[in-house]
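The structure appears right after this line, and notes come after that.
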Amino acid sequence: MENKKKLNLKIDEQVGEGIYANFCMITHSPSEFIIDFGRIVPGLPSVKIYSRILSTPQHAKQFLKILQQNIENFEVKNGEIILPGMPEGKDIGFKPEVQNS
């Protein structure tokens, strides 16, 4: 049986209220990932960044995996998340090229 420790999460009131973000930009170096969350407002030419998360590449990959699992769990309960611009039954975006050798 796996021995799991309980973590006590502490969050102050302001952080607990959360910040709405409809923009995310990710940059990286050999030692870190930088994830910026911000908000785009129609009619304004700039994006205001509200939160920046710095992470190691290992933690960024762990985050990717746990986020993917949570999206899959959500879709099992609530149905597929449809992204804007994705007509049902039609392929969009990049297509792999097959090269014959």
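Residues are named by chain letter and number: chains run A, B, ... in the order of the structure tokens, numbers start at 1 in each chain, and ligands are numbered from 1 in the order shown.
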Mind listing the strand (DSSP E or B) residues of chain A, per DSSP on the backbone, as a PyMOL selection string?
chain A and resi 23-28+33-40+47-55
Dump of N, CA and C atoms for the selected residues, as a PDB file, in the first residue's frame:
```pdb
ATOM      1  N   PHE A  23      -5.718  34.476 -21.898  1.00  0.00           N
ATOM      2  CA  PHE A  23      -4.484  34.517 -22.662  1.00  0.00           C
ATOM      3  C   PHE A  23      -3.405  33.782 -21.875  1.00  0.00           C
ATOM      4  N   CYS A  24      -2.603  33.000 -22.576  1.00  0.00           N
ATOM      5  CA  CYS A  24      -1.484  32.314 -21.939  1.00  0.00           C
ATOM      6  C   CYS A  24      -0.316  32.300 -22.917  1.00  0.00           C
ATOM      7  N   MET A  25       0.857  32.624 -22.432  1.00  0.00           N
ATOM      8  CA  MET A  25       2.060  32.573 -23.243  1.00  0.00           C
ATOM      9  C   MET A  25       3.120  31.805 -22.464  1.00  0.00           C
ATOM     10  N   ILE A  26       3.798  30.901 -23.152  1.00  0.00           N
ATOM     11  CA  ILE A  26       4.814  30.073 -22.504  1.00  0.00           C
ATOM     12  C   ILE A  26       6.140  30.273 -23.219  1.00  0.00           C
ATOM     13  N   THR A  27       7.168  30.575 -22.447  1.00  0.00           N
ATOM     14  CA  THR A  27       8.526  30.649 -22.968  1.00  0.00           C
ATOM     15  C   THR A  27       9.400  29.755 -22.095  1.00  0.00           C
ATOM     16  N   HIS A  28      10.574  29.421 -22.591  1.00  0.00           N
ATOM     17  CA  HIS A  28      11.434  28.546 -21.799  1.00  0.00           C
ATOM     18  C   HIS A  28      12.900  28.774 -22.111  1.00  0.00           C
ATOM     19  N   PHE A  33      10.705  27.010 -17.292  1.00  0.00           N
ATOM     20  CA  PHE A  33       9.562  27.398 -18.104  1.00  0.00           C
ATOM     21  C   PHE A  33       8.941  28.617 -17.450  1.00  0.00           C
ATOM     22  N   ILE A  34       8.531  29.570 -18.272  1.00  0.00           N
ATOM     23  CA  ILE A  34       7.865  30.776 -17.777  1.00  0.00           C
ATOM     24  C   ILE A  34       6.483  30.788 -18.400  1.00  0.00           C
ATOM     25  N   ILE A  35       5.459  30.771 -17.560  1.00  0.00           N
ATOM     26  CA  ILE A  35       4.075  30.729 -18.023  1.00  0.00           C
ATOM     27  C   ILE A  35       3.391  32.009 -17.562  1.00  0.00           C
ATOM     28  N   ASP A  36       2.986  32.831 -18.533  1.00  0.00           N
ATOM     29  CA  ASP A  36       2.299  34.089 -18.248  1.00  0.00           C
ATOM     30  C   ASP A  36       0.817  33.934 -18.538  1.00  0.00           C
ATOM     31  N   PHE A  37      -0.018  34.351 -17.586  1.00  0.00           N
ATOM     32  CA  PHE A  37      -1.464  34.361 -17.757  1.00  0.00           C
ATOM     33  C   PHE A  37      -1.928  35.808 -17.777  1.00  0.00           C
ATOM     34  N   GLY A  38      -2.758  36.136 -18.757  1.00  0.00           N
ATOM     35  CA  GLY A  38      -3.225  37.505 -18.880  1.00  0.00           C
ATOM     36  C   GLY A  38      -4.616  37.578 -19.453  1.00  0.00           C
ATOM     37  N   ARG A  39      -4.993  38.793 -19.799  1.00  0.00           N
ATOM     38  CA  ARG A  39      -6.340  39.037 -20.294  1.00  0.00           C
ATOM     39  C   ARG A  39      -6.271  39.929 -21.528  1.00  0.00           C
ATOM     40  N   ILE A  40      -6.939  39.479 -22.584  1.00  0.00           N
ATOM     41  CA  ILE A  40      -7.115  40.275 -23.795  1.00  0.00           C
ATOM     42  C   ILE A  40      -8.494  40.903 -23.718  1.00  0.00           C
ATOM     43  N   VAL A  47      -2.013  43.179 -24.078  1.00  0.00           N
ATOM     44  CA  VAL A  47      -2.454  42.157 -23.125  1.00  0.00           C
ATOM     45  C   VAL A  47      -1.868  42.508 -21.772  1.00  0.00           C
ATOM     46  N   LYS A  48      -2.695  42.495 -20.730  1.00  0.00           N
ATOM     47  CA  LYS A  48      -2.185  42.718 -19.383  1.00  0.00           C
ATOM     48  C   LYS A  48      -1.925  41.356 -18.745  1.00  0.00           C
ATOM     49  N   ILE A  49      -0.690  41.163 -18.276  1.00  0.00           N
ATOM     50  CA  ILE A  49      -0.320  39.919 -17.609  1.00  0.00           C
ATOM     51  C   ILE A  49      -0.650  40.056 -16.123  1.00  0.00           C
ATOM     52  N   TYR A  50      -1.404  39.092 -15.592  1.00  0.00           N
ATOM     53  CA  TYR A  50      -1.820  39.114 -14.190  1.00  0.00           C
ATOM     54  C   TYR A  50      -1.029  38.140 -13.318  1.00  0.00           C
ATOM     55  N   SER A  51      -0.455  37.120 -13.955  1.00  0.00           N
ATOM     56  CA  SER A  51       0.275  36.143 -13.158  1.00  0.00           C
ATOM     57  C   SER A  51       1.381  35.530 -13.999  1.00  0.00           C
ATOM     58  N   ARG A  52       2.526  35.340 -13.391  1.00  0.00           N
ATOM     59  CA  ARG A  52       3.659  34.673 -14.042  1.00  0.00           C
ATOM     60  C   ARG A  52       4.087  33.522 -13.141  1.00  0.00           C
ATOM     61  N   ILE A  53       4.167  32.337 -13.726  1.00  0.00           N
ATOM     62  CA  ILE A  53       4.599  31.146 -13.006  1.00  0.00           C
ATOM     63  C   ILE A  53       5.937  30.710 -13.582  1.00  0.00           C
ATOM     64  N   LEU A  54       6.915  30.520 -12.719  1.00  0.00           N
ATOM     65  CA  LEU A  54       8.225  29.998 -13.126  1.00  0.00           C
ATOM     66  C   LEU A  54       8.325  28.568 -12.620  1.00  0.00           C
ATOM     67  N   SER A  55       8.821  27.685 -13.473  1.00  0.00           N
ATOM     68  CA  SER A  55       8.847  26.277 -13.122  1.00  0.00           C
ATOM     69  C   SER A  55      10.043  25.587 -13.767  1.00  0.00           C
TER      70      SER A  55
END
```
I need the residues of chain A that end up classed as helix (DSSP H, G or I) by DSSP on the backbone, written out as a PDB file with C-alpha atoms, in the first residue's frame.
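Dumped everything to part38.pdb:
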```pdb
ATOM      1  CA  GLU A  13      -8.263  35.416   0.439  1.00  0.00           C
ATOM      2  CA  GLN A  14      -7.090  37.495  -2.525  1.00  0.00           C
ATOM      3  CA  VAL A  15      -5.368  34.547  -4.221  1.00  0.00           C
ATOM      4  CA  GLY A  16      -8.366  32.335  -3.429  1.00  0.00           C
ATOM      5  CA  GLU A  17     -10.672  34.642  -5.389  1.00  0.00           C
ATOM      6  CA  PRO A  57      11.155  21.653 -17.011  1.00  0.00           C
ATOM      7  CA  GLN A  58      10.367  18.574 -14.892  1.00  0.00           C
ATOM      8  CA  HIS A  59       7.532  20.321 -13.051  1.00  0.00           C
ATOM      9  CA  ALA A  60       6.210  21.761 -16.312  1.00  0.00           C
ATOM     10  CA  LYS A  61       5.998  18.230 -17.757  1.00  0.00           C
ATOM     11  CA  GLN A  62       4.279  16.956 -14.599  1.00  0.00           C
ATOM     12  CA  PHE A  63       1.807  19.850 -14.896  1.00  0.00           C
ATOM     13  CA  LEU A  64       1.114  18.918 -18.537  1.00  0.00           C
ATOM     14  CA  LYS A  65       0.324  15.328 -17.539  1.00  0.00           C
ATOM     15  CA  ILE A  66      -1.953  16.217 -14.610  1.00  0.00           C
ATOM     16  CA  LEU A  67      -3.746  18.878 -16.669  1.00  0.00           C
ATOM     17  CA  GLN A  68      -4.329  16.337 -19.474  1.00  0.00           C
ATOM     18  CA  GLN A  69      -5.715  13.819 -16.969  1.00  0.00           C
ATOM     19  CA  ASN A  70      -8.037  16.438 -15.472  1.00  0.00           C
ATOM     20  CA  ILE A  71      -9.301  17.472 -18.924  1.00  0.00           C
ATOM     21  CA  GLU A  72     -10.006  13.816 -19.746  1.00  0.00           C
ATOM     22  CA  ASN A  73     -11.866  13.376 -16.433  1.00  0.00           C
ATOM     23  CA  PHE A  74     -13.880  16.553 -17.097  1.00  0.00           C
ATOM     24  CA  GLU A  75     -14.847  15.379 -20.595  1.00  0.00           C
ATOM     25  CA  VAL A  76     -15.941  11.968 -19.305  1.00  0.00           C
ATOM     26  CA  LYS A  77     -18.358  13.718 -16.931  1.00  0.00           C
ATOM     27  CA  ASN A  78     -19.371  16.723 -19.058  1.00  0.00           C
TER      28      ASN A  78
END
```
